[in-house]
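Q: I am attaching a structure below and will ask some questions about it afterwards.
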Amino acid sequence: MQVKIMRKVFSVIKAFFHLIYVGLDKIIIMPISKLVYRINKRLKGSNNKLDKILNKPLTLIYLSLLFAVGIFFLVDSKVISLVQTEAEVLADQEVVAEYNKEAYVVEGIPDDVDVTLIGRKSDLYLAKQLGDHEVKLDLTKYGVGEHRVRLTYNQSIGSLNYKLDPSTVLVVIKEKISTLKTISYDLLNEDKLDEKLNVESVTLDRNEVVVKGAEDTLAKVATVRALIDLSNDEFDEKGDYTIDNVPLVAYDNKGKIVKNVEIVPEKTTATIKLESYSTEVPLKIMTTGNPKSGKAISEIKSSVEKVTIYGDQKTLQNITSVPVTIDVKGLSSEKTYNVTISKPSGVRHMSDTTATITVKFGEESQRTIDGISVEWQNLSSSYSVNAKSAADAQISVIAKGTKEVLDALDPSTIKAYVDLSGYGEGEHQVTVTVEGTDPKIQFLSNKQITIIVSAK
């Protein structure tokens with residue numbers, strides 16, 4: 001490596017002196033030789049001594065060399081400038097701060113600065129080739145407190161001038177302290193994990209880490225989280241996977257990253273267990289709107305009757321069906337729907353996402369079902385509720401549909417209930433909601449009853 005660097009340096013020096021030689025020959029030696037020749041030509045015949053001197057072979061060479069050396073010293077001492085002064089900007093140069101990182105935390109150190117080099121083009125060229133362009137901020141002599149400190153640049157060519165932007169910075173040096181923090185985890189790119197898989201459990205190789213920083217900064221740290229990336233293509237089947245070098249990040253109570261803290265260790269190892277849970281549930285077809293007057297739904301057929309859903313075990317236990325809704329408003333004749341089946345919340349994958357549903361219609365009939373008990377929902381645990389009378393505890397329900405559908409209706413599938421969210425102590429008149437499991441049947445649900453809410 002050093003040999004290559006030395007070769008590069010010699011190559012640059014050789015090119016530099018060759019450039020000087022060509023310039024001197026073209027700009028100084030040749031013009032002076034021509035000038036002396038013309039003077040000699042004019043004085044020829046009038047001054048034999050001068051003629052003899054000028055006609056000697058080495059005279060022109062000595063004179064040219066004398067003029068060249070003189071002009072060289074003039075140029076080198078900058079009395080005469082034959083090379084135009086230029087500027088070169090080295091943008092975004094990294095700042096290297098030197099201080100006791102075990103004892104102090106420093107705020108206000110810039111990530112980078114711009115360095116402007118000013119000088120001759122040849123010097124700029126050498127500086128760009130040979131310089132390390134290191135900008136330093138030396139804080140080794142400073143203690144706790146606020147300080148304005150000058151940045152320095154390791155200038156490799158002494159003939160160049162330089163400017164730093166910024167040239168000085170205001171830093172705040174604080175004493176570094178440490179504290180223990182319990183770590184948790186976040187799952188990243190979970191949507192890129194195979195939809196039939198879900199994360200069953202996560203185990204970290206440690207429960208606590210040391211967080212170091214200034215006292216006021218540590219006070220902002222609410223949690224430290226391990227960021228586990230699930231986008232790895234290796235996660236293609238259920239099983240246990242070990243992930244090394246999981247980064248740890250400190251967050252405040254608003255979920256923003258807390259900077260200027262040191263986490264020891266800064267990475268951890270996580271073991272994740274992937275499982276695949278599934279269950280089969282029916283497709284629940286619901287309707288909205290009313291068919292044309294005098295008509296009712298006689299038959300509903302779907303290309304999909306059941307779907308297999310995938311997700312975590314707890315979510316699947318609470319899902320008994322997957323709903324889809326079709327609009328039958330104003331219809332009286334057969335119609336076919338192509339519907340999209342939406343995934344319930346928490347479901348990662350479904351065996352079917354579309355279905356074709358055909359609806360047929362017939363003549364509408366009515367049937368009255370008596371003795372349907374009223375249920376109570378969403379009442380605060382501080383209260384109890386009772387119907388004011390027997391007529392309020394059980395109601396009659398009117399069902400509308402085709403005769404064949406109504407004859408097959410099972411009264412136990414009818415549910416009448418009252419939503420008591422927000423109700424307090426006292427007597428209240430409420431509306432009963434009636435629902436059934438058969439989408440071909442409509443129920444009239446404008447029944448009003450009186451209830452009494454009492455404190456427990």
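Within each chain, counting starts at residue 1; across the structure tokens, chains are named A, B, ... in the order shown, with ligands numbered 1 upward in that order.
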What lies within 8 Å of A:Ser184 using only C-alpha atoms, ignoring chain neighbours under 2 positions off, as a list in words?
A: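 Result of the neighbour search: Thr182, Asp186, Asn207, Thr223, Val224, Arg225 and Ala226 of chain A.
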Q: Please save C-alpha atoms of the selected residues as a tab-separated table (two decimals), in the first residue's frame.
A:
chain	number	residue	atom	x	y	z
A	182	THR	CA	-35.53	-2.55	30.53
A	186	ASP	CA	-40.72	-3.75	17.83
A	207	ASN	CA	-33.68	-7.90	29.69
A	223	THR	CA	-38.00	2.95	26.62
A	224	VAL	CA	-35.29	1.08	24.75
A	225	ARG	CA	-36.48	-1.18	21.95
A	226	ALA	CA	-34.90	-3.88	19.85
Q: A:Ile326: which residues within 10 Å, counting only C-alpha atoms, same-chain residues fewer than 4 positions away excluded, as a ChimeraX atom specification?
A: /A:285-289,337-339,357,359
Q: Output C-alpha atoms of each residue in that selection to a file, as a CSV table (one decimal), in the first residue's frame.
A:
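As written to disk, result06.csv reads:
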chain,number,residue,atom,x,y,z
A,285,ILE,CA,-74.0,-12.8,3.8
A,286,MET,CA,-75.9,-9.7,4.9
A,287,THR,CA,-78.2,-7.5,3.0
A,288,THR,CA,-78.9,-3.7,2.9
A,289,GLY,CA,-82.0,-2.0,1.6
A,337,TYR,CA,-73.0,-10.1,-7.5
A,338,ASN,CA,-69.3,-10.3,-7.7
A,339,VAL,CA,-68.1,-9.3,-4.3
A,357,ILE,CA,-73.5,-14.4,-5.0
A,359,VAL,CA,-80.1,-13.7,-5.3
Q: Residues at most 12 Å from A:Leu90, counting only C-alpha atoms, excluding those fewer than 5 positions away in the same chain, as a list of chain:residue names?
A: A:Asp112, A:Val113, A:Asp114, A:Val115, A:Thr116, A:Leu117, A:Ile118, A:Leu124, A:Ala127, A:Lys128, A:Gly131, A:Asp132, A:His133, A:Glu134, A:Val135, A:Tyr153, A:Tyr162, A:Lys163, A:Leu164, A:Asp165
Q: May I ask which of the residues A:Gln366, A:Val95, A:Ala408, A:Leu193 is the closest one to A:Leu444, counting only C-alpha atoms?
A: A:Gln366
Q: Set the distance at 10 Å and use only C-alpha atoms: which residues neighbour A:Glu299 once local chain neighbours fewer than 5 positions away are removed? I'd like the list as a PyMOL selection string.
A: chain A and resi 334+358-362+402+405+439-440
Q: Deliver the residues from the most recent selection as a file, using C-alpha atoms, as an mmCIF file, in the first residue's frame.
A:
data_model
loop_
_atom_site.group_PDB
_atom_site.id
_atom_site.type_symbol
_atom_site.label_atom_id
_atom_site.label_comp_id
_atom_site.auth_asym_id
_atom_site.auth_seq_id
_atom_site.Cartn_x
_atom_site.Cartn_y
_atom_site.Cartn_z
ATOM 1 C CA GLU A 334 -82.712 -12.478 -10.013
ATOM 2 C CA THR A 358 -76.812 -15.021 -6.786
ATOM 3 C CA VAL A 359 -80.061 -13.701 -5.277
ATOM 4 C CA LYS A 360 -83.588 -14.790 -6.294
ATOM 5 C CA PHE A 361 -86.911 -13.208 -5.298
ATOM 6 C CA GLY A 362 -90.508 -14.335 -4.644
ATOM 7 C CA THR A 402 -91.352 -15.618 1.205
ATOM 8 C CA VAL A 405 -88.547 -19.151 4.035
ATOM 9 C CA PRO A 439 -80.389 -12.787 5.454
ATOM 10 C CA LYS A 440 -83.528 -13.664 3.453
#
Q: Mind checking which residues fall within 12 Å of A:Thr354, counting only C-alpha atoms, ignoring those fewer than 6 positions away in the same chain, and posting them as a ChimeraX atom specification?
A: /A:283,302-307,322-324,337-343
Q: Within 8 Å of A:Val246, counting only C-alpha atoms, which residues show up once you throw out same-chain ones fewer than 6 positions away? Write them as a ChimeraX atom specification, please.
A: /A:226-228,267-270
Q: Between atom CA of A:Asp194 and atom CA of A:Val249, what is the spacing in Å?
A: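 So the answer is 26.3 Å.
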Q: Quick one: of A:Val89, A:Leu406, A:Ala416, A:Leu197, who's nearest to A:Ile309, counting only C-alpha atoms?
A: A:Leu197
Q: Kindly give the distance, in Å, that separates atom CA of A:Gly145 and atom CA of A:Val172, rounded to a single decimal.
A: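 Those two atoms sit 5.7 Å apart.
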Q: Could you pull out the strand (DSSP E or B) residues of stretch 240-331 of chain A, going by DSSP on the backbone, and write them as a ChimeraX atom specification?
A: /A:240-251,257,262-264,267-275,277-288,295-302,306-311,322-327
Q: One number please: atom CA of A:Ala387 to atom CA of A:Thr437, in Å, one decimal.
A: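 Calculated distance between atom CA of A:Ala387 and atom CA of A:Thr437 is 25.4 Å.
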